[in-house]
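All remarks here apply to the structure that follows.
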Amino acid sequence: MEKINYRELGCESPRFWTGMGVMAFLILLALVSVYHMEHNGHYVTGMTNQIVWGLPHVFAIFLIVAASGALNVASIGSVFGGPMYKPLGRFSSILAIALLAGGLMVLVLDLGRPDRLIIAMTKYNFKSIFAWNIYLYTGFFVIVGFYLWAMIDRKGKALYRPLGITAFLWRLALTTGTGSIFGFLVAREAYDAAIMAPMFIIMSFSYGLAFFIITLMAAYWWDDRKIGDVRIAKLRNLLGVFVAAVLYFATVYHLSNLYITQHHGIENFILLEGGVYTKMFWIGQVLIGGVIPLFLIYSPAFSASRFAVMAASVLVLVGGFFQIYVIVIGGQAFPMTLFPGKEVVESSFFDGMVNSYVPTLPEAMLGFGGVVVAMTIVAVAARMFPMLPDSLEDPDSI
Amino acid sequence: MSNRKQQPDMKRREFLTKSVIAASTATIAPGVLLTTADANAATKAASSNTRWGMLIYTNKCADGCSSCVSACEKENGIDLVKKPEGHSDAMWDEQRPQWIRKVKLKDTQTGMVSNLPLMCQHCEEAPCVDVCPTGASFKRADGIVMVDRHICIGCRYCMMACPYKARSFIHADVAEQVVESPRGKGCVEACNLCANRLDAGDGNTACAEACSKEGHNAIVFGDLKDPNSAVSKVLKQSHSRQLREDLKLNTAVRYTNV
Amino acid sequence: MSFFFALLFILASLVFVVGLTLKIIQYAKTPVPLKIVTTPAPVTKSGVVLRMFREVVFFESLFKSTKWTWIFSWVFHMALLLVLIRHLRYFIEPDAVPAVVWTLIELVQPFGMYAGFGMVLGLVGLFLRRVLVDRVRYISAPSDYLMLLMLGFIGFSGLMMTFVVHTDIVAIKQFFTFNGGQLPADFPLIIHLSLVALLMLIFPFSKLLHVPGIFFSPTRNQVDNPREKRHIVPWAKALEEEQN
Amino acid sequence: MHRLIDLKRVAVMMVASVLLSFATAAISDSTVVEGSKAAGMDKGGCVAPQMDMRRNHMEYLKHQRDEVVHKGDRSSKFALAECVNCHASKDKKGHPVPVNAKDQFCDSCHDYAAVNITCFQCHRKVPEEK
């Protein structure tokens, strides 16, 4: 195998600086939104006492889930010994760190009292999966950081594999933890399911890889470097498998819910009568996030098209966003059954009613700011450190 | 010259001795001194020999009456929470805090209509306490589930976990509060069974008091662990149940005829 | 006691300001006969400014040489910066500055509080480096240890006052702003202030002079353009003209 | 050389002002606000010696708050509401002034020392009328 040279992304390009300028502006907008939300209180958002987690949480969970999946490429390279993936390990790790940082930023800045973040670091309730997640998240940064170091520094060579395995296991734990945030909510019919945790893992594989393909192709386009066809084909096929798996898990999740009579209400809501959530499920999650990408990936008509790979990845992300939206918001919009067999005639607290949620601009800007922060970290890191191989031309012998 | 630039008029020697005393007391853990502070106070700490709870006679709860709600709002200063200027009424209705609410139900099969007040059920195994990352959501020794708003970070996970939707998030600045019920933007709160009254030895909640004043007597409040309390006696005789019994939370608020 | 400390701090400030000024003048006057810039180096003046910025803010060259030393010293210096900004509150009257400035000083307080831990941690790391690494121990002079220990105790006594044994900070501020405050006779405060005064006294004669010194180091503050522009100091030029 | 002369002048001014401030120190009063209940009390009126309160009031309040919130023990004398009752002043019309308003009891020192008080985001800042 020929030697791989890693090199920083070319930096003199005006494209880079224009891009950075745009991203800095978007981050600024996000910070202005945060100030607006914290100064006035959450009444300026669409969140209420009925829909308590809104768009920021959708963005945050989306990014956190994608973060652990982005590490997948590195894991395939070091844990499962895929030589084609090994040169991509560094970039995969930094992308994972960046996505997690972006997601956590959104999560933290949406808190009612972000000024008390220090309390979240000093006071723990170990029965709470949230408290565990704080450790899982910080641990992820540290472990992936070391993993990255072992990949870059020659001194770390001996630790490369052990760290790779640790990072891989930690990644699984992290996504399980994120999925469990919902799995533990016994009171809400939409969430009370053990399949939540494995479903989140497979979702993370899919979103993370989609993010990876998009950023990788964008970076190589930025710096006029080459990626070989075989590598693209490998990534494309992998994405196809993950997208299909996500669809499969979604089917199993809904089928098993349909089996439980108690859950017929929520299933009816999401699949048939939930209005915007039903549309998001069928059009957003299933069609845009599943069927069309699968078609783009597997149809012979697009087999040579890089644009199709890029488009499929973008659609996977859009569909994934809808999927999490349906889980988080749709799950809250459906009323909790407090009185089985009875119908609520009157309540000042909207009992028994489908709750409406209209996100406002500040929340959207905060959430989007998280994505931008992640992309900025990737761009800066790829420019400052040797993250990407000079060339990803296909090796001569495969 | 404003106040802050002025000096304490303590003499030098007094100053030195006192500061030595102060420094040493401060180092020997403030707790030792503090617990002995006010021996003749009327109040005692919450004890696990008590479990506060209530029974609600759904059939006695009158249609159209909401005196328990207004009593609660007055007692806990919820009526002092004002809608932010220029905000829409519909939106504010979904965002304003409510500790207790009246719910009117109709049986889908028989058409029987019933009324009941709904508030925090003070579960023994409270999901909100389990999920709170900082321990701000906690259960007192006497079974009251409440929020320590000094360490609540406003993540709203407890609101996601609560099966009764009993909790409210404070969505905007609150200009005025009552002394016994502090409240501010960015924290979650819920019914605390008028803990301030119980600590002062009152033994009844504002809602129960208002209900009997109205003549309905639909709410019986008291110590569930004391076999001689009014609530224990009526619970022993009437057929009551918990809301969402299937979750096995062992709530301290029980209902008849639901 | 207050009187003693007042005199001590006046003396210490004088020594600090005058000593530092003289040193800076000396540095500025020190001849730099040659271009000795360490390459790769920027070839433009703005490039040099940027390089000095990276050097001062990120400790770039230290980062490139030893990572451990970099981590500890960078953490220490950045934490020290926050702590110093936090201490501005003892010397500035709120009415004397624009409200925005005062709000910023208020905002930095919690960060400064916890930065104290970072500062002490960094110092402990640097101290352990001197003790545990053979090569470094061999070249360490007593004064190297002294500086670390002094700063460490300053940080430690400060943390004690912040978190354990509080003192009367209003009185301290009145003392330092000449509003007639008596210094509270608290043990950590006495330690803290004595050591700070001592540090100020020896600052102009110690290795701490690297603070102004970094800006005068010719290997970093020069532009790498010896071919484009001949580097010649005035006295050398005069000498040259004499010869011709 | 005139830089050194400047320095000398500054030094003389510094010494002079320090000496002057020692002279003024003896004639000043304590920090209670005029028109508050505390102003009418003698020195021992507070729940703890002034020296102690100046240093440790935050610890006492924090300790008391945990006792009250978590244990329901309201027997401690260090209650925030009592601080407010005693230290809030009244304006010319007889209305109580919030203790955290500009130059009032809490604000005067906290603003002076750049310490944010968050207590009154949630807690009542004027005595409750009975």
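By convention in this document, the chains of the structure tokens carry letters A, B, ... by their order, each chain's residues are numbered from 1, and ligands are numbered from 1 in the order they are shown.
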
Write out as a tab-separated table a residue-level contact list of chain A versus chain D with cut-off 12 Å: for each qualifying residue the closest pair of atoms and the distance in Å to one decimal, counting only C-alpha atoms, rows sorted by chain and residue number upward.
```
residue	atom	partner	partner_atom	distance
A:Arg113	CA	D:Thr118	CA	11.4
A:Asp115	CA	D:Thr118	CA	10.6
A:Arg116	CA	D:Thr118	CA	11.0
```

Original post:
Excluding same-chain residues fewer than 4 positions from segment 191-203 of chain B, what lies within 10 Å of it counting only C-alpha atoms, as number ranges by chain?
Top reply: B: 41-46, 52-54, 72, 75-76, 98-100, 119-122, 140, 142-147, 166-168, 180-181, 207-208, 221-223; D: 68-69, 71-75

Using only C-alpha atoms, find each residue in chain C having at least one atom no more than 8 Å away from chain B; report its shortest atom-to-atom pair and that distance in Å (one decimal), rows by chain then rising number, as a Markdown table.
```
| residue | atom | partner | partner_atom | distance |
| --- | --- | --- | --- | --- |
| C:Val164 | CA | B:Thr27 | CA | 7.0 |
| C:Val165 | CA | B:Thr27 | CA | 6.0 |
| C:His166 | CA | B:Ala23 | CA | 7.8 |
| C:Ala171 | CA | B:Gln7 | CA | 7.8 |
| C:Gln174 | CA | B:Lys5 | CA | 6.8 |
| C:Asn179 | CA | B:Lys5 | CA | 6.5 |
| C:Gly180 | CA | B:Gln7 | CA | 7.4 |
| C:Gly181 | CA | B:Gln7 | CA | 6.7 |
| C:Pro184 | CA | B:Ser19 | CA | 7.3 |
| C:Ala185 | CA | B:Leu16 | CA | 6.3 |
| C:Asp186 | CA | B:Ser19 | CA | 7.0 |
```

Export, as an mmCIF file, in the first residue's frame, the selected residues with N, CA, C and O atoms.
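Below you can see result.cif, which holds the result:
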```cif
data_model
loop_
_atom_site.group_PDB
_atom_site.id
_atom_site.type_symbol
_atom_site.label_atom_id
_atom_site.label_comp_id
_atom_site.auth_asym_id
_atom_site.auth_seq_id
_atom_site.Cartn_x
_atom_site.Cartn_y
_atom_site.Cartn_z
ATOM 1 N N VAL C 164 -13.647 29.401 51.165
ATOM 2 C CA VAL C 164 -13.693 28.832 52.516
ATOM 3 C C VAL C 164 -13.862 29.894 53.605
ATOM 4 O O VAL C 164 -14.893 29.967 54.264
ATOM 5 N N VAL C 165 -12.840 30.701 53.786
ATOM 6 C CA VAL C 165 -12.904 31.710 54.842
ATOM 7 C C VAL C 165 -13.058 33.068 54.189
ATOM 8 O O VAL C 165 -12.097 33.655 53.729
ATOM 9 N N HIS C 166 -14.266 33.565 54.144
ATOM 10 C CA HIS C 166 -14.486 34.829 53.451
ATOM 11 C C HIS C 166 -13.913 35.984 54.236
ATOM 12 O O HIS C 166 -13.747 35.916 55.448
ATOM 13 N N ALA C 171 -14.463 46.360 52.691
ATOM 14 C CA ALA C 171 -13.409 47.081 53.408
ATOM 15 C C ALA C 171 -12.109 47.071 52.608
ATOM 16 O O ALA C 171 -11.404 48.079 52.538
ATOM 17 N N GLN C 174 -12.335 49.556 49.917
ATOM 18 C CA GLN C 174 -12.196 50.915 50.441
ATOM 19 C C GLN C 174 -10.740 51.233 50.741
ATOM 20 O O GLN C 174 -10.281 52.343 50.507
ATOM 21 N N ASN C 179 -10.421 55.030 50.229
ATOM 22 C CA ASN C 179 -11.617 55.535 50.874
ATOM 23 C C ASN C 179 -11.605 55.235 52.365
ATOM 24 O O ASN C 179 -12.651 55.136 53.001
ATOM 25 N N GLY C 180 -10.415 55.081 52.877
ATOM 26 C CA GLY C 180 -10.303 54.957 54.313
ATOM 27 C C GLY C 180 -10.694 53.617 54.875
ATOM 28 O O GLY C 180 -11.194 53.520 55.985
ATOM 29 N N GLY C 181 -10.548 52.549 54.118
ATOM 30 C CA GLY C 181 -10.866 51.232 54.650
ATOM 31 C C GLY C 181 -9.747 50.715 55.535
ATOM 32 O O GLY C 181 -8.574 51.007 55.305
ATOM 33 N N PRO C 184 -9.121 44.113 56.722
ATOM 34 C CA PRO C 184 -9.563 43.133 57.712
ATOM 35 C C PRO C 184 -8.382 42.257 58.118
ATOM 36 O O PRO C 184 -7.573 41.883 57.260
ATOM 37 N N ALA C 185 -8.295 41.938 59.400
ATOM 38 C CA ALA C 185 -7.157 41.148 59.876
ATOM 39 C C ALA C 185 -7.433 39.661 59.700
ATOM 40 O O ALA C 185 -7.622 38.924 60.659
ATOM 41 N N ASP C 186 -7.547 39.244 58.446
ATOM 42 C CA ASP C 186 -7.797 37.824 58.181
ATOM 43 C C ASP C 186 -6.519 37.174 57.677
ATOM 44 O O ASP C 186 -5.833 37.724 56.823
#
```

**OP:** Enumerate as a PyMOL selection string the residues belonging to chain C that approach chain A to within 12 Å, with only C-alpha atoms taken into account.
**Re:** chain C and resi 67+107+110-111+113-114

**OP:** Select residues of chain B: the criterion is any atom within 9 Å of an atom of chain A, counting only C-alpha atoms; output as a ChimeraX atom specification.
**Re:** /B:84,87,91-98,101-109,111,113,127,129-136,151-157,159-165,167-173,185-188,243-244,247,258

Which chain C residues are at most 10 Å from chain D (counting only C-alpha atoms), as a PDB file with C-alpha atoms, in the first residue's frame?
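That gives us out_23.pdb:
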```pdb
ATOM      1  CA  SER C   2      -3.417  48.873  57.522  1.00  0.00           C
ATOM      2  CA  PHE C   3      -0.773  51.538  57.777  1.00  0.00           C
ATOM      3  CA  ALA C   6      -0.376  50.965  52.819  1.00  0.00           C
ATOM      4  CA  LEU C   7       3.316  51.809  52.962  1.00  0.00           C
ATOM      5  CA  ILE C  10       3.091  52.177  47.850  1.00  0.00           C
ATOM      6  CA  LEU C  11       6.682  51.006  47.945  1.00  0.00           C
ATOM      7  CA  SER C  13       3.970  49.796  43.292  1.00  0.00           C
ATOM      8  CA  LEU C  14       6.793  52.295  42.954  1.00  0.00           C
ATOM      9  CA  VAL C  17       6.340  50.647  37.919  1.00  0.00           C
ATOM     10  CA  VAL C  18       9.726  52.341  37.946  1.00  0.00           C
ATOM     11  CA  ARG C  86     -11.764  39.796  38.178  1.00  0.00           C
ATOM     12  CA  HIS C  87      -9.566  41.746  40.593  1.00  0.00           C
ATOM     13  CA  LEU C  88     -10.274  44.974  38.729  1.00  0.00           C
ATOM     14  CA  ARG C  89     -13.317  45.270  40.931  1.00  0.00           C
ATOM     15  CA  TYR C  90     -11.102  46.153  43.865  1.00  0.00           C
ATOM     16  CA  PHE C  91      -9.573  49.124  42.135  1.00  0.00           C
ATOM     17  CA  ILE C  92     -12.335  50.660  40.041  1.00  0.00           C
ATOM     18  CA  GLU C  93     -15.295  52.629  41.353  1.00  0.00           C
ATOM     19  CA  PRO C  94     -18.484  51.608  39.526  1.00  0.00           C
ATOM     20  CA  ASP C  95     -19.357  55.234  38.914  1.00  0.00           C
ATOM     21  CA  TRP C 102     -18.871  47.624  34.977  1.00  0.00           C
ATOM     22  CA  THR C 103     -21.371  45.091  33.649  1.00  0.00           C
ATOM     23  CA  LEU C 104     -18.533  43.270  31.906  1.00  0.00           C
ATOM     24  CA  ILE C 105     -16.511  43.226  35.116  1.00  0.00           C
ATOM     25  CA  GLU C 106     -19.573  41.782  36.832  1.00  0.00           C
ATOM     26  CA  LEU C 107     -19.993  39.180  34.122  1.00  0.00           C
ATOM     27  CA  VAL C 108     -16.425  37.958  34.395  1.00  0.00           C
ATOM     28  CA  GLN C 109     -16.646  37.338  38.154  1.00  0.00           C
ATOM     29  CA  PRO C 110     -17.866  33.729  38.103  1.00  0.00           C
ATOM     30  CA  MET C 161     -10.897  33.505  50.674  1.00  0.00           C
ATOM     31  CA  PHE C 163     -14.516  29.525  48.868  1.00  0.00           C
ATOM     32  CA  VAL C 164     -13.693  28.832  52.516  1.00  0.00           C
ATOM     33  CA  VAL C 165     -12.904  31.710  54.842  1.00  0.00           C
ATOM     34  CA  HIS C 166     -14.486  34.829  53.451  1.00  0.00           C
ATOM     35  CA  THR C 167     -13.174  38.249  54.197  1.00  0.00           C
ATOM     36  CA  ASP C 168     -14.698  41.697  54.121  1.00  0.00           C
ATOM     37  CA  ILE C 169     -14.180  42.647  50.506  1.00  0.00           C
ATOM     38  CA  VAL C 170     -15.942  45.977  50.799  1.00  0.00           C
ATOM     39  CA  ALA C 171     -13.409  47.081  53.408  1.00  0.00           C
ATOM     40  CA  ILE C 172     -10.587  45.847  51.181  1.00  0.00           C
ATOM     41  CA  LYS C 173     -11.893  47.836  48.270  1.00  0.00           C
ATOM     42  CA  GLN C 174     -12.196  50.915  50.441  1.00  0.00           C
ATOM     43  CA  PHE C 175      -8.604  50.421  51.456  1.00  0.00           C
ATOM     44  CA  PHE C 176      -7.298  50.094  47.930  1.00  0.00           C
ATOM     45  CA  THR C 177      -9.362  52.956  46.559  1.00  0.00           C
ATOM     46  CA  PHE C 178      -8.188  55.320  49.328  1.00  0.00           C
ATOM     47  CA  ASN C 179     -11.617  55.535  50.874  1.00  0.00           C
ATOM     48  CA  GLY C 180     -10.303  54.957  54.313  1.00  0.00           C
ATOM     49  CA  GLY C 181     -10.866  51.232  54.650  1.00  0.00           C
ATOM     50  CA  GLN C 182      -9.140  49.254  57.340  1.00  0.00           C
ATOM     51  CA  PRO C 184      -9.563  43.133  57.712  1.00  0.00           C
TER      52      PRO C 184
END
```

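Taking only C-alpha atoms, the non-local environment of segment 34-47 of chain D within 10 Å (same-chain residues fewer than 4 positions away omitted) comprises B:Asn3, B:Ala37, D:Ser30, D:Asp52, D:Met53, D:Lys77, D:Phe78, D:Ala79, D:Glu82, D:Cys83, D:Val84, D:Asn85, D:Cys86, D:His87, D:Ala88, D:Ser89, D:Lys90, D:Asp91, D:Lys92, D:Gly94, D:Pro96, D:Val97, D:Gln104, D:Phe105.
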
Using C-alpha atoms, can you export the residues from the last selection as a PDB file, in the first residue's frame?
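The resulting file, result_28.pdb, is shown below:
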```pdb
ATOM      1  CA  ASN B   3     -23.413  54.706  51.808  1.00  0.00           C
ATOM      2  CA  ALA B  37     -29.813  29.148  66.249  1.00  0.00           C
TER       3      ALA B  37
ATOM      4  CA  SER D  30     -22.429  51.851  59.334  1.00  0.00           C
ATOM      5  CA  ASP D  52     -19.588  38.293  60.759  1.00  0.00           C
ATOM      6  CA  MET D  53     -22.471  39.283  58.502  1.00  0.00           C
ATOM      7  CA  LYS D  77     -32.775  32.945  62.102  1.00  0.00           C
ATOM      8  CA  PHE D  78     -30.981  33.663  58.845  1.00  0.00           C
ATOM      9  CA  ALA D  79     -33.972  34.115  56.560  1.00  0.00           C
ATOM     10  CA  GLU D  82     -36.089  38.897  57.522  1.00  0.00           C
ATOM     11  CA  CYS D  83     -33.196  40.736  55.856  1.00  0.00           C
ATOM     12  CA  VAL D  84     -35.740  42.377  53.590  1.00  0.00           C
ATOM     13  CA  ASN D  85     -38.113  43.215  56.426  1.00  0.00           C
ATOM     14  CA  CYS D  86     -35.419  44.948  58.384  1.00  0.00           C
ATOM     15  CA  HIS D  87     -33.346  46.579  55.712  1.00  0.00           C
ATOM     16  CA  ALA D  88     -35.865  47.841  53.157  1.00  0.00           C
ATOM     17  CA  SER D  89     -36.382  51.571  53.391  1.00  0.00           C
ATOM     18  CA  LYS D  90     -39.427  53.599  52.482  1.00  0.00           C
ATOM     19  CA  ASP D  91     -39.620  56.386  49.964  1.00  0.00           C
ATOM     20  CA  LYS D  92     -41.134  59.811  50.650  1.00  0.00           C
ATOM     21  CA  GLY D  94     -44.155  55.722  52.479  1.00  0.00           C
ATOM     22  CA  PRO D  96     -41.227  50.367  50.558  1.00  0.00           C
ATOM     23  CA  VAL D  97     -38.202  50.493  48.243  1.00  0.00           C
ATOM     24  CA  GLN D 104     -30.339  50.409  48.631  1.00  0.00           C
ATOM     25  CA  PHE D 105     -29.065  48.009  51.271  1.00  0.00           C
TER      26      PHE D 105
END
```

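In the backbone-derived DSSP annotation, strand (DSSP E) within segment 162-244 of chain B comprises B:Ser168, B:Phe169, B:Val188, B:Glu189, B:Ile219, B:Val220, B:Phe221, B:Gly222, B:Asp223, B:Ser240, B:Arg241.
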
Original post:
Between atom CA of His36 of chain A and atom CA of Ala24 of chain A, what is the distance, to one decimal in Å?
Top reply: 18.3 Å

Subject >> All residues 8 Å or closer to Ala115 of chain C, only C-alpha atoms, same chain fewer than 2 positions away omitted, as a ChimeraX atom specification >> reply: /C:79-80,82-83,111-113,117-119

May I have the residues from that selection written out with N, CA, C and O atoms, as a CSV table (one decimal), in the first residue's frame?
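Output file result-v3.csv is given in full below:
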```
chain,number,residue,atom,x,y,z
C,79,ALA,N,-5.8,31.6,33.0
C,79,ALA,CA,-6.6,31.7,34.2
C,79,ALA,C,-6.1,32.9,35.0
C,79,ALA,O,-6.9,33.6,35.5
C,80,LEU,N,-4.8,33.1,35.0
C,80,LEU,CA,-4.3,34.3,35.6
C,80,LEU,C,-4.9,35.6,35.0
C,80,LEU,O,-5.3,36.5,35.8
C,82,LEU,N,-7.8,35.9,33.6
C,82,LEU,CA,-9.2,36.0,34.1
C,82,LEU,C,-9.2,36.5,35.6
C,82,LEU,O,-10.0,37.4,35.9
C,83,VAL,N,-8.3,35.9,36.3
C,83,VAL,CA,-8.3,36.3,37.8
C,83,VAL,C,-7.9,37.8,37.9
C,83,VAL,O,-8.5,38.5,38.7
C,111,PHE,N,-16.4,33.5,36.2
C,111,PHE,CA,-15.3,32.8,35.4
C,111,PHE,C,-14.0,33.0,36.2
C,111,PHE,O,-13.2,32.1,36.3
C,112,GLY,N,-13.8,34.2,36.7
C,112,GLY,CA,-12.6,34.4,37.4
C,112,GLY,C,-12.5,33.6,38.7
C,112,GLY,O,-11.4,33.1,39.0
C,113,MET,N,-13.6,33.4,39.3
C,113,MET,CA,-13.7,32.5,40.5
C,113,MET,C,-13.1,31.1,40.2
C,113,MET,O,-12.2,30.6,40.9
C,117,PHE,N,-8.9,28.0,40.2
C,117,PHE,CA,-8.5,26.6,40.2
C,117,PHE,C,-7.6,26.2,39.1
C,117,PHE,O,-6.6,25.5,39.2
C,118,GLY,N,-7.9,26.8,37.9
C,118,GLY,CA,-7.1,26.5,36.7
C,118,GLY,C,-5.6,27.0,36.9
C,118,GLY,O,-4.7,26.4,36.6
C,119,MET,N,-5.6,28.2,37.6
C,119,MET,CA,-4.3,28.8,37.8
C,119,MET,C,-3.5,28.0,38.7
C,119,MET,O,-2.3,27.7,38.4
```

Original post:
atom CA of Lys125 of chain D and atom CA of Lys102 of chain D are how many Å apart?
Top reply: 12.7 Å

Subject >> Shell of 9 Å around Leu149 of chain C, only C-alpha atoms, local chain residues under 5 positions omitted, as a list in words >> reply: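 Here the answer would be Leu123, Val124, Phe127, Asp144 and Ile154 of chain C.
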
Same residues, C-alpha atoms, saved as a short mmCIF file (atom, residue, chain, number, x, y, z; two decimals), in the first residue's frame:
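The resulting file, selection03.cif, is reproduced below:
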```
data_model
loop_
_atom_site.label_atom_id
_atom_site.label_comp_id
_atom_site.auth_asym_id
_atom_site.auth_seq_id
_atom_site.Cartn_x
_atom_site.Cartn_y
_atom_site.Cartn_z
CA LEU C 123 1.24 26.04 38.64
CA VAL C 124 1.21 22.64 40.30
CA PHE C 127 6.13 22.76 39.67
CA ASP C 144 12.52 29.16 39.49
CA ILE C 154 -1.07 33.63 46.17
#
```

**OP:** One decimal, Å: what's the distance from atom CA of Ser92 of chain A over to atom CA of Phe242 of chain A, could you say?
**Re:**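 Computing the Euclidean distance for atom CA of Ser92 of chain A and atom CA of Phe242 of chain A yields 16.8 Å.
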
Subject >> In segment 24-129 of chain D, DSSP alpha helix (DSSP H) residues written as a ChimeraX atom specification >> reply: /D:24-25,50-66,80-87,105-112,119-122

Subject >> Residue with smallest distance to chain D - pool B:Thr58, B:Gln177, B:Gln237, B:Thr50, counting only C-alpha atoms >> reply: B:Gln177
